[in-house]
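Participant: Here you go, this is coords_10.tsv (TSV, C-alpha atoms).
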```
chain	number	residue	atom	x	y	z
D	1	MET	CA	24.25	-131.54	181.54
D	2	GLY	CA	22.14	-131.26	178.42
D	3	THR	CA	21.86	-133.93	175.79
D	4	PRO	CA	23.76	-133.06	172.57
D	5	ASP	CA	21.49	-132.11	169.68
D	6	PRO	CA	21.98	-134.78	166.95
D	7	SER	CA	20.75	-132.38	164.26
D	8	ARG	CA	23.49	-129.89	165.09
D	9	ALA	CA	26.13	-132.63	165.10
D	10	TYR	CA	24.87	-133.80	161.71
D	11	ALA	CA	24.86	-130.25	160.34
D	12	ALA	CA	28.43	-129.70	161.53
D	13	THR	CA	29.51	-132.83	159.66
D	14	ALA	CA	27.31	-132.36	156.62
D	15	TRP	CA	28.35	-128.75	155.88
D	16	PRO	CA	32.01	-129.55	155.04
D	17	LEU	CA	30.83	-132.48	152.94
D	18	ARG	CA	28.36	-130.30	151.04
D	19	ARG	CA	31.00	-127.65	150.56
D	20	ALA	CA	33.47	-130.24	149.25
D	21	ALA	CA	30.84	-131.60	146.87
D	22	ALA	CA	30.06	-128.08	145.62
D	23	LEU	CA	33.77	-127.37	145.18
D	24	THR	CA	34.08	-130.58	143.16
D	25	ARG	CA	31.17	-129.63	140.92
D	26	SER	CA	32.65	-126.18	140.48
D	27	CYS	CA	35.84	-127.49	138.85
D	28	HIS	CA	33.94	-128.65	135.70
D	29	PRO	CA	34.54	-132.34	136.52
D	30	GLY	CA	33.54	-133.67	133.09
D	31	PRO	CA	36.26	-131.89	131.09
D	32	VAL	CA	38.76	-132.37	133.94
D	33	VAL	CA	38.28	-136.13	133.92
D	34	ALA	CA	38.20	-136.37	130.11
D	35	VAL	CA	41.40	-134.37	129.51
D	36	THR	CA	43.27	-136.01	132.39
D	37	ALA	CA	42.28	-139.50	131.26
D	38	THR	CA	43.35	-138.67	127.71
D	39	ALA	CA	46.72	-137.46	129.00
D	40	GLY	CA	47.19	-140.71	130.91
D	41	ALA	CA	46.27	-142.75	127.86
D	42	LEU	CA	48.66	-140.74	125.68
D	43	GLY	CA	51.41	-141.24	128.25
D	44	ALA	CA	50.86	-144.98	128.27
D	45	GLY	CA	50.70	-144.96	124.48
D	46	VAL	CA	54.15	-143.40	124.10
D	47	GLY	CA	55.62	-145.88	126.57
D	48	LEU	CA	55.96	-143.89	129.80
D	49	ASP	CA	56.72	-145.99	132.85
D	50	GLY	CA	54.41	-145.91	135.85
D	51	ILE	CA	56.11	-143.05	137.71
D	52	ARG	CA	56.43	-140.76	134.70
D	53	CYS	CA	52.88	-141.49	133.60
D	54	ALA	CA	51.64	-140.69	137.12
D	55	LEU	CA	53.58	-137.39	137.06
D	56	LEU	CA	52.03	-136.50	133.71
D	57	VAL	CA	48.54	-137.30	134.98
D	58	ALA	CA	49.10	-135.31	138.19
D	59	ALA	CA	50.41	-132.30	136.27
D	60	VAL	CA	47.49	-132.30	133.83
D	61	LEU	CA	44.96	-132.89	136.63
D	62	SER	CA	46.25	-129.96	138.69
D	63	GLY	CA	46.26	-127.71	135.63
D	64	GLN	CA	42.73	-128.68	134.63
D	65	LEU	CA	41.44	-128.20	138.17
D	66	SER	CA	42.96	-124.73	138.30
D	67	VAL	CA	41.37	-123.78	134.99
D	68	GLY	CA	37.94	-125.12	135.93
D	69	TRP	CA	37.87	-123.37	139.30
D	70	CYS	CA	39.17	-120.15	137.77
D	71	ASN	CA	36.36	-120.25	135.22
D	72	ASP	CA	33.60	-120.70	137.79
D	73	ALA	CA	34.98	-118.11	140.19
D	74	PHE	CA	35.49	-115.48	137.49
D	75	ASP	CA	32.07	-116.05	135.90
D	76	ALA	CA	30.14	-116.29	139.19
D	77	ARG	CA	28.47	-112.87	139.02
D	78	ARG	CA	27.46	-113.29	135.38
D	79	ASP	CA	26.17	-116.82	136.02
D	80	ALA	CA	24.10	-115.56	138.96
D	81	ALA	CA	22.71	-112.65	136.95
D	82	SER	CA	21.65	-114.93	134.09
D	83	GLY	CA	20.25	-117.60	136.42
D	84	ARG	CA	22.40	-120.39	135.01
D	85	ARG	CA	21.84	-123.70	136.76
D	86	GLY	CA	24.50	-126.14	137.87
D	87	LYS	CA	26.91	-123.38	138.94
D	88	PRO	CA	27.74	-123.90	142.64
D	89	VAL	CA	29.33	-120.48	143.17
D	90	ALA	CA	26.42	-118.64	141.56
D	91	GLU	CA	23.96	-120.74	143.60
D	92	GLY	CA	25.77	-119.94	146.85
D	93	ALA	CA	26.73	-123.56	147.55
D	94	VAL	CA	30.38	-122.53	147.93
D	95	SER	CA	31.96	-119.11	148.26
D	96	ARG	CA	33.71	-117.37	145.41
D	97	GLY	CA	36.75	-116.87	147.62
D	98	ALA	CA	37.01	-120.59	148.37
D	99	VAL	CA	36.93	-121.41	144.67
D	100	TRP	CA	39.57	-118.77	143.89
D	101	ALA	CA	41.75	-120.22	146.67
D	102	ALA	CA	41.34	-123.70	145.19
D	103	ALA	CA	42.21	-122.40	141.72
D	104	PHE	CA	45.42	-120.72	142.85
D	105	THR	CA	46.42	-123.71	144.99
D	106	ALA	CA	45.99	-126.08	142.05
D	107	ALA	CA	47.91	-123.69	139.79
D	108	LEU	CA	50.81	-123.53	142.25
D	109	LEU	CA	50.91	-127.33	142.50
D	110	CYS	CA	50.86	-127.54	138.71
D	111	VAL	CA	54.25	-125.78	138.41
D	112	PRO	CA	56.52	-128.35	140.13
D	113	LEU	CA	54.45	-131.27	138.85
D	114	SER	CA	54.78	-130.03	135.26
D	115	LEU	CA	58.51	-129.35	135.52
D	116	ALA	CA	59.00	-132.81	137.03
D	117	CYS	CA	57.90	-134.19	133.65
D	118	GLY	CA	60.98	-132.56	132.11
D	119	PRO	CA	61.93	-128.95	131.33
D	120	LEU	CA	60.45	-128.85	127.82
D	121	ALA	CA	57.33	-130.80	128.74
D	122	GLY	CA	56.87	-128.65	131.83
D	123	VAL	CA	57.22	-125.31	130.10
D	124	LEU	CA	54.93	-126.45	127.30
D	125	HIS	CA	52.24	-127.63	129.71
D	126	LEU	CA	52.46	-124.48	131.83
D	127	THR	CA	52.08	-122.42	128.65
D	128	ALA	CA	48.89	-124.32	127.85
D	129	VAL	CA	47.54	-123.79	131.37
D	130	ALA	CA	48.41	-120.08	131.20
D	131	ALA	CA	46.57	-119.85	127.87
D	132	ALA	CA	43.50	-121.46	129.44
D	133	TRP	CA	43.57	-118.93	132.30
D	134	ALA	CA	43.89	-116.15	129.73
D	135	TYR	CA	40.78	-117.54	128.02
D	136	ASN	CA	38.83	-117.43	131.28
D	137	LEU	CA	39.94	-113.94	132.23
D	138	LYS	CA	39.92	-112.18	128.86
D	139	LEU	CA	40.16	-114.07	125.59
D	140	LYS	CA	36.75	-115.79	125.71
D	141	ALA	CA	35.17	-112.42	124.83
D	142	THR	CA	37.49	-111.72	121.89
D	143	ALA	CA	37.99	-112.98	118.36
D	144	LEU	CA	40.95	-115.01	119.70
D	145	SER	CA	38.73	-117.18	121.90
D	146	TRP	CA	39.71	-120.24	119.87
D	147	LEU	CA	43.45	-119.86	120.47
D	148	PRO	CA	43.73	-121.26	124.03
D	149	TYR	CA	41.81	-124.38	122.97
D	150	VAL	CA	44.12	-124.93	120.01
D	151	ILE	CA	47.17	-124.45	122.23
D	152	GLY	CA	45.86	-126.70	124.99
D	153	PHE	CA	44.76	-129.62	122.83
D	154	GLY	CA	47.66	-129.27	120.41
D	155	THR	CA	50.30	-129.37	123.13
D	156	LEU	CA	48.86	-132.36	125.02
D	157	PRO	CA	50.37	-135.00	122.68
D	158	ALA	CA	53.63	-133.05	122.69
D	159	VAL	CA	53.78	-132.93	126.50
D	160	ALA	CA	53.20	-136.70	126.66
D	161	ALA	CA	55.98	-137.40	124.14
D	162	LEU	CA	58.42	-134.97	125.76
D	163	THR	CA	57.93	-136.64	129.15
D	164	LEU	CA	59.81	-139.68	127.81
D	165	PRO	CA	63.40	-139.82	129.12
D	166	SER	CA	64.73	-139.57	125.56
D	167	ARG	CA	62.35	-136.65	124.83
D	168	PRO	CA	61.94	-137.47	121.12
D	169	GLY	CA	59.23	-134.88	120.56
D	170	PRO	CA	55.80	-135.51	119.04
D	171	THR	CA	54.85	-136.25	115.47
D	172	TRP	CA	53.53	-133.35	113.41
D	173	TRP	CA	50.25	-135.10	112.73
D	174	ALA	CA	49.54	-135.71	116.43
D	175	VAL	CA	50.00	-132.03	117.24
D	176	THR	CA	47.97	-130.93	114.20
D	177	ALA	CA	45.12	-133.30	115.00
D	178	GLY	CA	45.14	-132.19	118.63
D	179	ALA	CA	44.93	-128.54	117.59
D	180	LEU	CA	42.02	-129.28	115.24
D	181	LEU	CA	40.20	-131.15	118.00
D	182	GLY	CA	40.80	-128.16	120.26
D	183	LEU	CA	39.14	-125.84	117.76
D	184	ALA	CA	36.21	-128.25	117.48
D	185	ALA	CA	35.97	-128.47	121.28
D	186	HIS	CA	35.70	-124.68	121.50
D	187	LEU	CA	33.00	-124.46	118.85
D	188	GLY	CA	31.05	-127.36	120.34
D	189	ASP	CA	31.37	-126.11	123.91
D	190	VAL	CA	30.09	-122.62	123.09
D	191	LEU	CA	27.42	-123.55	120.54
D	192	PRO	CA	24.53	-124.41	122.93
D	193	ASP	CA	25.00	-121.20	124.96
D	194	ILE	CA	25.66	-118.64	122.23
D	195	GLU	CA	22.43	-116.72	122.74
D	196	ASP	CA	22.78	-116.59	126.54
D	197	ASP	CA	26.42	-115.55	126.25
D	198	LEU	CA	25.59	-112.75	123.82
D	199	SER	CA	23.02	-111.34	126.24
D	200	ASN	CA	25.81	-111.19	128.85
D	201	GLY	CA	28.30	-109.44	126.58
D	202	VAL	CA	30.47	-112.44	125.64
D	203	THR	CA	31.61	-112.03	122.05
D	204	GLY	CA	34.11	-114.75	121.24
D	205	LEU	CA	34.68	-116.07	117.74
D	206	PRO	CA	31.63	-118.41	117.71
D	207	HIS	CA	29.41	-115.59	118.99
D	208	ARG	CA	30.62	-113.32	116.21
D	209	LEU	CA	29.94	-116.04	113.64
D	210	GLY	CA	26.51	-116.81	115.06
D	211	ALA	CA	24.88	-120.12	115.95
D	212	THR	CA	24.14	-121.16	112.37
D	213	ALA	CA	27.64	-120.49	111.03
D	214	THR	CA	29.24	-122.08	114.10
D	215	GLY	CA	27.13	-125.20	113.65
D	216	LEU	CA	28.14	-125.41	109.99
D	217	LEU	CA	31.82	-124.85	110.83
D	218	LEU	CA	31.95	-127.39	113.67
D	219	PRO	CA	32.29	-130.54	111.50
D	220	VAL	CA	35.22	-129.10	109.51
D	221	PRO	CA	37.97	-129.41	112.14
D	222	LEU	CA	36.55	-132.74	113.30
D	223	VAL	CA	36.68	-134.31	109.85
D	224	ALA	CA	40.06	-132.66	109.18
D	225	ALA	CA	41.44	-134.21	112.39
D	226	SER	CA	40.18	-137.62	111.24
D	227	VAL	CA	41.93	-137.22	107.90
D	228	VAL	CA	45.20	-136.10	109.50
D	229	LEU	CA	45.19	-138.98	112.00
D	230	ALA	CA	44.28	-141.59	109.41
D	231	LEU	CA	46.58	-140.47	106.60
D	232	GLY	CA	49.35	-138.52	108.37
D	233	PRO	CA	51.40	-141.44	109.76
D	234	ALA	CA	53.49	-143.51	107.42
D	235	GLY	CA	51.90	-146.72	106.24
D	236	PRO	CA	48.27	-147.77	105.78
D	237	ALA	CA	45.47	-146.16	107.74
D	238	GLY	CA	44.60	-149.44	109.43
D	239	PRO	CA	41.11	-150.70	110.34
D	240	TRP	CA	40.40	-147.99	112.93
D	241	GLY	CA	41.57	-145.28	110.56
D	242	VAL	CA	39.30	-146.56	107.81
D	243	VAL	CA	36.33	-146.74	110.19
D	244	THR	CA	36.99	-143.23	111.50
D	245	LEU	CA	37.19	-141.81	107.99
D	246	ALA	CA	34.02	-143.65	107.01
D	247	VAL	CA	31.91	-142.33	109.90
D	248	ALA	CA	33.33	-138.83	110.48
D	249	ALA	CA	31.64	-136.95	107.65
D	250	PRO	CA	28.25	-138.77	107.74
D	251	VAL	CA	27.92	-138.38	111.52
D	252	ALA	CA	28.87	-134.69	111.36
D	253	LEU	CA	26.37	-134.15	108.52
D	254	ALA	CA	23.64	-135.96	110.45
D	255	GLY	CA	24.24	-133.59	113.35
D	256	LEU	CA	23.62	-130.61	111.10
D	257	LEU	CA	20.47	-132.11	109.57
D	258	LEU	CA	18.98	-132.90	112.99
D	259	ALA	CA	19.77	-129.47	114.42
D	260	ARG	CA	16.33	-128.05	113.63
D	261	THR	CA	14.55	-130.65	115.76
D	262	TRP	CA	17.29	-131.17	118.36
D	263	ARG	CA	19.33	-128.10	119.29
D	264	LYS	CA	22.26	-130.12	120.64
D	265	ALA	CA	22.47	-132.52	117.69
D	266	PRO	CA	25.61	-130.89	116.21
D	267	LEU	CA	27.30	-131.08	119.61
D	268	ALA	CA	26.32	-134.73	120.05
D	269	ALA	CA	27.61	-135.57	116.58
D	270	ALA	CA	30.83	-133.69	117.34
D	271	ALA	CA	31.28	-135.72	120.53
D	272	VAL	CA	30.95	-138.99	118.57
D	273	VAL	CA	33.49	-137.94	115.93
D	274	ALA	CA	35.84	-136.48	118.54
D	275	GLY	CA	35.69	-139.74	120.49
D	276	ALA	CA	36.66	-141.69	117.39
D	277	ASP	CA	39.45	-139.19	116.66
D	278	VAL	CA	40.85	-139.46	120.18
D	279	ALA	CA	40.75	-143.25	119.99
D	280	LEU	CA	42.57	-143.12	116.66
D	281	LEU	CA	45.14	-140.75	118.15
D	282	LEU	CA	45.77	-143.22	120.97
D	283	VAL	CA	46.05	-146.11	118.50
D	284	ARG	CA	48.49	-144.17	116.34
D	285	GLY	CA	50.64	-142.95	119.25
D	286	THR	CA	52.22	-139.50	119.53
D	287	ALA	CA	55.98	-139.97	119.52
D	288	PRO	CA	58.22	-140.80	116.56
D	289	VAL	CA	59.12	-144.46	116.29
```
Since I need it in another form, could you write the structure as structure tokens?
Facilitator:
Amino acid sequence: MGTPDPSRAYAATAWPLRRAAALTRSCHPGPVVAVTATAGALGAGVGLDGIRCALLVAAVLSGQLSVGWCNDAFDARRDAASGRRGKPVAEGAVSRGAVWAAAFTAALLCVPLSLACGPLAGVLHLTAVAAAWAYNLKLKATALSWLPYVIGFGTLPAVAALTLPSRPGPTWWAVTAGALLGLAAHLGDVLPDIEDDLSNGVTGLPHRLGATATGLLLPVPLVAASVVLALGPAGPAGPWGVVTLAVAAPVALAGLLLARTWRKAPLAAAAVVAGADVALLLVRGTAPV
């Protein structure tokens, strides 16, 4: 009998691990983690118990995974043609079919998990997930490219509030601020890749506006979200509201001024203001008292 080849045994074990790692990278893990963590924090902020908060997190996680995998699978050929790095499907680290299968599996799981949060919360969340799929498949190349982001971010506070047993519904200012942050997220996400996208035929709203106009527009929804979150609820803005209002405009302006020497400065500034806005949203809560 021959001696087993250790290299073959290692390769047999390493291949599934590499494939799993590539599949994980293909889901856009950064946004998946950020949105899911925000959903969990919003759920805790409105007073969900452990089980309901876990259901909310699971529903949002499955929806975000489906959207991320759908995006990478659908864009694989264009990513490969343009030589974009960090795209596992385009690099051949995982097959397009495997990523599509993962996307549809996550989407199917998202349906019962969302409805388990309550009928209104479930339908609202599934609408947001459907809008995100529509963005991936069609809307990203149209003037309505901003709409799925506004729907997705605007409904997240509402889904958290509607998951409460009493289902009180969200406050107007939480939904408005979420929608404004969604618009900012779209502008900031597209801004660094506008030129590459245009060469590949992607003509969403930021592409039609151009890099300069998009960079100038980006601070507007961010600062507007800060104002809504600080001044929308009844009562004083509180220390965090005052701090957020004080830093939002200067940081956004600094991002614009540094754009000539650092291309991603507006995006970095947007991330700082958005982080403060999200923190303020969590401090304020999302459900009526």
Participant: Show which residues sit within 9 Å of region 170-181 of chain D, as a ChimeraX atom specification. Count only C-alpha atoms, and ignore same-chain residues fewer than 5 positions away.
Facilitator: /D:149-162,186,220-222,224-229,231-233,274,277-278,281,284-288
Participant: Hey, can you spit out that residue selection with C-alpha atoms as a compact mmCIF listing (two decimals), in the frame of the given file?
Facilitator:
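Contents of the output file part.txt:
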```txt
# COMPACT_ATOMS: atom_id res chain seq x y z
CA TYR D 149 41.81 -124.38 122.97
CA VAL D 150 44.12 -124.93 120.01
CA ILE D 151 47.17 -124.45 122.23
CA GLY D 152 45.86 -126.70 124.99
CA PHE D 153 44.76 -129.62 122.83
CA GLY D 154 47.66 -129.27 120.41
CA THR D 155 50.30 -129.37 123.13
CA LEU D 156 48.86 -132.36 125.02
CA PRO D 157 50.37 -135.00 122.68
CA ALA D 158 53.63 -133.05 122.69
CA VAL D 159 53.78 -132.93 126.50
CA ALA D 160 53.20 -136.70 126.66
CA ALA D 161 55.98 -137.40 124.14
CA LEU D 162 58.42 -134.97 125.76
CA HIS D 186 35.70 -124.68 121.50
CA VAL D 220 35.22 -129.10 109.51
CA PRO D 221 37.97 -129.41 112.14
CA LEU D 222 36.55 -132.74 113.30
CA ALA D 224 40.06 -132.66 109.18
CA ALA D 225 41.44 -134.21 112.39
CA SER D 226 40.18 -137.62 111.24
CA VAL D 227 41.93 -137.22 107.90
CA VAL D 228 45.20 -136.10 109.50
CA LEU D 229 45.19 -138.98 112.00
CA LEU D 231 46.58 -140.47 106.60
CA GLY D 232 49.35 -138.52 108.37
CA PRO D 233 51.40 -141.44 109.76
CA ALA D 274 35.84 -136.48 118.54
CA ASP D 277 39.45 -139.19 116.66
CA VAL D 278 40.85 -139.46 120.18
CA LEU D 281 45.14 -140.75 118.15
CA ARG D 284 48.49 -144.17 116.34
CA GLY D 285 50.64 -142.95 119.25
CA THR D 286 52.22 -139.50 119.53
CA ALA D 287 55.98 -139.97 119.52
CA PRO D 288 58.22 -140.80 116.56
```
Participant: Need the shell around region 60-74 of chain D: protein/DNA/RNA residues with any atom at most 7 Å away, counting all atoms listed in the file. Skip same-chain ones fewer than 3 positions apart. Format as a list in words?
Facilitator: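 After dropping sequence-adjacent residues, the list is Ser26, Cys27, His28, Val32, Thr36, Leu56, Val57, Val89, Arg96, Val99, Trp100, Ala102, Ala103, Phe104, Ala106, Ala107, Leu109, Cys110, Val129, Ala132, Trp133 and Asn136 of chain D.
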Participant: For a quick check of understanding, using all atoms listed in the file, which of D:Leu120, D:Ala185, D:Val251, D:Ala101 has the smallest distance to Ala265 (chain D)?
Facilitator: D:Val251
Participant: Using all atoms listed in the file, pick whichever of D:Gly122, D:Pro31, D:Gly238, D:Gly188 has the shortest atom-to-atom distance to Arg263 (chain D).
Facilitator: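 Closest candidate: D:Gly188.
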Participant: Could you give me, as a PDB file with C-alpha atoms, keeping the file's coordinate frame, the residues that have an atom at most 10 Å away from the point (29.4, -114.5, 126.3) in the coordinates of the file, using all atoms listed in the file?
Facilitator:
```
ATOM      1  CA  ARG D  78      27.460-113.290 135.380  1.00  0.00           C
ATOM      2  CA  LYS D 140      36.750-115.790 125.710  1.00  0.00           C
ATOM      3  CA  ALA D 141      35.170-112.420 124.830  1.00  0.00           C
ATOM      4  CA  THR D 142      37.490-111.720 121.890  1.00  0.00           C
ATOM      5  CA  VAL D 190      30.090-122.620 123.090  1.00  0.00           C
ATOM      6  CA  ASP D 193      25.000-121.200 124.960  1.00  0.00           C
ATOM      7  CA  ILE D 194      25.660-118.640 122.230  1.00  0.00           C
ATOM      8  CA  GLU D 195      22.430-116.720 122.740  1.00  0.00           C
ATOM      9  CA  ASP D 196      22.780-116.590 126.540  1.00  0.00           C
ATOM     10  CA  ASP D 197      26.420-115.550 126.250  1.00  0.00           C
ATOM     11  CA  LEU D 198      25.590-112.750 123.820  1.00  0.00           C
ATOM     12  CA  SER D 199      23.020-111.340 126.240  1.00  0.00           C
ATOM     13  CA  ASN D 200      25.810-111.190 128.850  1.00  0.00           C
ATOM     14  CA  GLY D 201      28.300-109.440 126.580  1.00  0.00           C
ATOM     15  CA  VAL D 202      30.470-112.440 125.640  1.00  0.00           C
ATOM     16  CA  THR D 203      31.610-112.030 122.050  1.00  0.00           C
ATOM     17  CA  GLY D 204      34.110-114.750 121.240  1.00  0.00           C
ATOM     18  CA  PRO D 206      31.630-118.410 117.710  1.00  0.00           C
ATOM     19  CA  HIS D 207      29.410-115.590 118.990  1.00  0.00           C
TER      20      HIS D 207
END
```
Participant: What is the CA of Pro16 (chain D)-CA of Val94 (chain D) distance in Å, reported with one decimal?
Facilitator: 10.1 Å
Participant: How many Å lie between CA of Tyr135 (chain D) and CA of Ala268 (chain D), rounded to one decimal?
Facilitator: 23.8 Å
Participant: Calculate how many Å separate CA of Leu147 (chain D) from CA of Asp189 (chain D), rounding to one decimal.
Facilitator: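 Taking CA of Leu147 (chain D) as the start and CA of Asp189 (chain D) as the end point, the length is 14.0 Å.
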Participant: Box along x, y and z, 6 Å on every side, all listed atoms of region 29-43 of chain D inside: centre and edge lengths in Å to one decimal, as AutoDock Vina command-line options.
Facilitator:
```
--center_x 42.5 --center_y -137.3 --center_z 131.1 --size_x 29.9 --size_y 22.9 --size_z 22.8
```
Participant: Using all atoms listed in the file, determine which residues lie at most 9 Å from Leu164 (chain D), disregarding the query and same-chain residues fewer than 2 positions distant; provide the list as a PDB file with C-alpha atoms, keeping the file's coordinate frame.
Facilitator:
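And here's part.pdb as it stands now:
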```
ATOM      1  CA  GLY D  43      51.410-141.240 128.250  1.00  0.00           C
ATOM      2  CA  VAL D  46      54.150-143.400 124.100  1.00  0.00           C
ATOM      3  CA  GLY D  47      55.620-145.880 126.570  1.00  0.00           C
ATOM      4  CA  LEU D  48      55.960-143.890 129.800  1.00  0.00           C
ATOM      5  CA  ASP D  49      56.720-145.990 132.850  1.00  0.00           C
ATOM      6  CA  ARG D  52      56.430-140.760 134.700  1.00  0.00           C
ATOM      7  CA  CYS D 117      57.900-134.190 133.650  1.00  0.00           C
ATOM      8  CA  GLY D 118      60.980-132.560 132.110  1.00  0.00           C
ATOM      9  CA  ALA D 160      53.200-136.700 126.660  1.00  0.00           C
ATOM     10  CA  ALA D 161      55.980-137.400 124.140  1.00  0.00           C
ATOM     11  CA  LEU D 162      58.420-134.970 125.760  1.00  0.00           C
ATOM     12  CA  SER D 166      64.730-139.570 125.560  1.00  0.00           C
ATOM     13  CA  ARG D 167      62.350-136.650 124.830  1.00  0.00           C
ATOM     14  CA  PRO D 168      61.940-137.470 121.120  1.00  0.00           C
ATOM     15  CA  GLY D 169      59.230-134.880 120.560  1.00  0.00           C
TER      16      GLY D 169
END
```
